[in-house]
Amino acid sequence: MAQKMIRREFRESDLAQIIEFKKQSAKTSFRGQKLKVDRFTARLTESVKKDPGMIRVLESNGTIAGYIWVGLSEGDFGKYGFLHQLFIHQDFRGRGLAQTLVKDAEKYLAKRGAKKMEILVTGTNCPAHKLYKKLKYKDTRIQMEKML
Ligand SMILES: CC(C)(COP(=O)(O)OP(=O)(O)OC[C@H]1O[C@@H](n2cnc3c(N)ncnc32)[C@H](O)[C@@H]1OP(=O)(O)O)[C@@H](O)C(=O)NCCC(=O)NCCS
């Protein structure tokens with residue numbers, strides 16, 4: 001059967017799959033740390049309530065193929081967008097879907113006044129780093145952390 005890919009806003013029924021994606025991401029980006037599912041859910045729900053367009057979900061024949069969640073903030077240098085999360089299901093990677101989601105999000109945020117988009121990438125996450133480089137993102141800061 002031909003796979004028809006739909007890009008749409010988030011629905012409550014997507015939540016369980018998105019939590020699963022977050023848990024998978026955490027294995028790379030938050031190694032050894034436990035996800036506070038209730039807090040994550042509350043933040044996501046609040047973001048959707050405030051602006052449903054900040055989360056875009058990819059669906060293919062009833063399967064959630066991935067999603068992007070962005071935010072808009074205002075700092076001392078004006079409005080900027082930032083990436084909360086981007087995840088493409090393993091079976092759907094390498095087809096340009098992440099690129100499409102990021103480009104869509106950039107347009108959405110720019111229309112709302114964002115002058116730039118900020119993305120934090122875990123140092124070992126080469127696929128993601130390459131993706132953003134391809135989309136013309138520059139390495140600007142080094143984020144440091146240690147467990148206490
Ligand atoms: C990173 C991720 C979002 C990429 O999704 P994707 O849909 O497969 O990416 P795309 O097909 O749009 O790839 C676009 C470009 O990204 C880079 N890229 C993507 N996956 C790559 C990989 N495994 N290795 C090297 N480069 C990769 C390439 O430059 C690629 O362009 P090309 O195909 O012309 O070489 C996906 O692997 C994922 O969900 N990973 C787990 C979650 C995650 O790391 N999220 C990002 C957090 S900051």
# chains A, B, ... in the order shown; residues from 1 in each chain; ligands from 1
>>> residues_near_ligand(ligand="ligand 1", cutoff="8 Å", atoms="only C-alpha atoms and all ligand atoms", output="mmCIF file with C-alpha atoms, in the first residue's frame")
data_model
loop_
_atom_site.group_PDB
_atom_site.id
_atom_site.type_symbol
_atom_site.label_atom_id
_atom_site.label_comp_id
_atom_site.auth_asym_id
_atom_site.auth_seq_id
_atom_site.Cartn_x
_atom_site.Cartn_y
_atom_site.Cartn_z
ATOM 1 C CA PHE A 21 10.077 9.107 21.344
ATOM 2 C CA GLN A 24 14.343 7.014 23.189
ATOM 3 C CA SER A 25 15.988 10.419 22.683
ATOM 4 C CA THR A 28 21.419 9.553 23.866
ATOM 5 C CA SER A 29 20.907 13.057 25.192
ATOM 6 C CA GLY A 66 7.818 11.720 13.831
ATOM 7 C CA LEU A 83 13.727 23.580 19.361
ATOM 8 C CA GLN A 85 12.337 18.279 20.352
ATOM 9 C CA LEU A 86 12.599 16.651 16.952
ATOM 10 C CA PHE A 87 12.208 12.947 16.437
ATOM 11 C CA ILE A 88 11.736 10.744 13.390
ATOM 12 C CA HIS A 89 10.708 7.115 13.921
ATOM 13 C CA GLN A 90 13.528 4.710 12.973
ATOM 14 C CA PHE A 92 11.064 6.663 8.450
ATOM 15 C CA ARG A 93 14.585 8.106 8.706
ATOM 16 C CA GLY A 94 16.740 9.136 5.752
ATOM 17 C CA ARG A 95 13.853 10.440 3.641
ATOM 18 C CA GLY A 96 14.249 14.152 4.293
ATOM 19 C CA LEU A 97 11.374 14.266 6.788
ATOM 20 C CA ALA A 98 13.354 15.978 9.558
ATOM 21 C CA GLN A 99 14.530 18.617 7.102
ATOM 22 C CA THR A 100 10.949 19.300 6.068
ATOM 23 C CA ILE A 119 18.993 24.461 18.745
ATOM 24 C CA LEU A 120 20.872 22.539 21.435
ATOM 25 C CA VAL A 121 22.488 19.368 20.137
ATOM 26 C CA THR A 122 24.150 16.692 22.240
ATOM 27 C CA ASN A 125 24.541 13.204 18.173
ATOM 28 C CA CYS A 126 26.256 13.317 14.754
ATOM 29 C CA PRO A 127 23.127 12.698 12.623
ATOM 30 C CA ALA A 128 21.342 15.650 14.232
ATOM 31 C CA HIS A 129 24.422 17.888 14.038
ATOM 32 C CA LYS A 130 24.818 17.064 10.323
ATOM 33 C CA LEU A 131 21.132 17.719 9.741
ATOM 34 C CA TYR A 132 21.325 21.220 11.227
ATOM 35 C CA LYS A 133 24.598 22.005 9.428
ATOM 36 C CA LYS A 134 22.907 21.043 6.171
#
>>> residues_around(residues="Gly75 (chain A)", least_positions_apart="4", cutoff="12 Å", atoms="only C-alpha atoms", output="JSON, numbers by chain")
{"A": [79, 80, 81, 82, 114, 115, 116]}
>>> select_by_dssp(residues="region 60-114 of chain A", states="alpha helix (DSSP H)", output="list in words")
Leu97, Ala98, Gln99, Thr100, Leu101, Val102, Lys103, Asp104, Ala105, Glu106, Lys107, Tyr108, Leu109, Ala110 and Lys111 of chain A
>>> closest_residue(among="A:Met147, A:Leu58, A:Leu15, A:Lys103", to="Phe40 (chain A)", atoms="only C-alpha atoms")
A:Leu15
>>> closest_residue(among="A:Gly123, A:Met117, A:Val102, A:Tyr108", to="Lys138 (chain A)", atoms="only C-alpha atoms")
A:Met117
>>> select_by_dssp(residues="chain A", states="strand (DSSP E or B)", output="PDB file with C-alpha atoms, in the first residue's frame")
ATOM      1  CA  MET A   5       2.513  11.163   4.741  1.00  0.00           C
ATOM      2  CA  ILE A   6       0.366  13.731   6.509  1.00  0.00           C
ATOM      3  CA  ARG A   7       1.749  16.752   8.438  1.00  0.00           C
ATOM      4  CA  ARG A   8      -0.727  17.911  11.045  1.00  0.00           C
ATOM      5  CA  GLU A   9      -1.136  19.491  14.463  1.00  0.00           C
ATOM      6  CA  ILE A  55       3.935  20.969  17.498  1.00  0.00           C
ATOM      7  CA  ARG A  56       3.687  19.296  14.105  1.00  0.00           C
ATOM      8  CA  VAL A  57       3.173  15.560  13.789  1.00  0.00           C
ATOM      9  CA  LEU A  58       3.917  13.335  10.792  1.00  0.00           C
ATOM     10  CA  GLU A  59       1.482  10.499  10.260  1.00  0.00           C
ATOM     11  CA  SER A  60       1.668   7.683   7.731  1.00  0.00           C
ATOM     12  CA  THR A  63       1.486   5.446  12.363  1.00  0.00           C
ATOM     13  CA  ILE A  64       3.210   8.459  13.907  1.00  0.00           C
ATOM     14  CA  ALA A  65       6.374   8.835  11.838  1.00  0.00           C
ATOM     15  CA  GLY A  66       7.818  11.720  13.831  1.00  0.00           C
ATOM     16  CA  TYR A  67       7.241  15.147  15.270  1.00  0.00           C
ATOM     17  CA  ILE A  68       8.733  18.524  15.934  1.00  0.00           C
ATOM     18  CA  TRP A  69       8.051  20.739  18.933  1.00  0.00           C
ATOM     19  CA  VAL A  70       9.317  24.294  18.941  1.00  0.00           C
ATOM     20  CA  GLY A  71       8.872  27.346  21.154  1.00  0.00           C
ATOM     21  CA  LEU A  72       8.968  31.105  20.786  1.00  0.00           C
ATOM     22  CA  SER A  73      10.571  33.348  23.357  1.00  0.00           C
ATOM     23  CA  GLU A  74      11.634  36.952  23.761  1.00  0.00           C
ATOM     24  CA  GLY A  75      15.060  37.858  25.066  1.00  0.00           C
ATOM     25  CA  GLY A  78      14.361  40.224  20.412  1.00  0.00           C
ATOM     26  CA  LYS A  79      12.162  37.264  19.632  1.00  0.00           C
ATOM     27  CA  TYR A  80      13.702  33.896  18.870  1.00  0.00           C
ATOM     28  CA  GLY A  81      12.527  30.395  18.223  1.00  0.00           C
ATOM     29  CA  PHE A  82      13.994  27.300  19.826  1.00  0.00           C
ATOM     30  CA  LEU A  83      13.727  23.580  19.361  1.00  0.00           C
ATOM     31  CA  HIS A  84      12.228  21.560  22.200  1.00  0.00           C
ATOM     32  CA  GLN A  85      12.337  18.279  20.352  1.00  0.00           C
ATOM     33  CA  LEU A  86      12.599  16.651  16.952  1.00  0.00           C
ATOM     34  CA  PHE A  87      12.208  12.947  16.437  1.00  0.00           C
ATOM     35  CA  ILE A  88      11.736  10.744  13.390  1.00  0.00           C
ATOM     36  CA  MET A 117      16.177  29.697  15.738  1.00  0.00           C
ATOM     37  CA  GLU A 118      18.258  28.170  18.533  1.00  0.00           C
TER      38      GLU A 118
END
>>> closest_residue(among="A:Asp76, A:Glu145, A:Asp104, A:Asp51", to="Phe10 (chain A)", atoms="only C-alpha atoms")
A:Asp51
>>> atom_distance(atom1="CA of Leu44 (chain A)", atom2="CA of Phe77 (chain A)")
25.7 Å
>>> closest_residue(among="A:Gly62, A:Thr45, A:Leu148, A:Gly53", to="Arg112 (chain A)", atoms="only C-alpha atoms")
A:Gly53
>>> atom_distance(atom1="CA of Ile19 (chain A)", atom2="CA of Asp91 (chain A)")
17.5 Å
>>> atom_distance(atom1="CA of Ala26 (chain A)", atom2="CA of Asp14 (chain A)")
18.4 Å
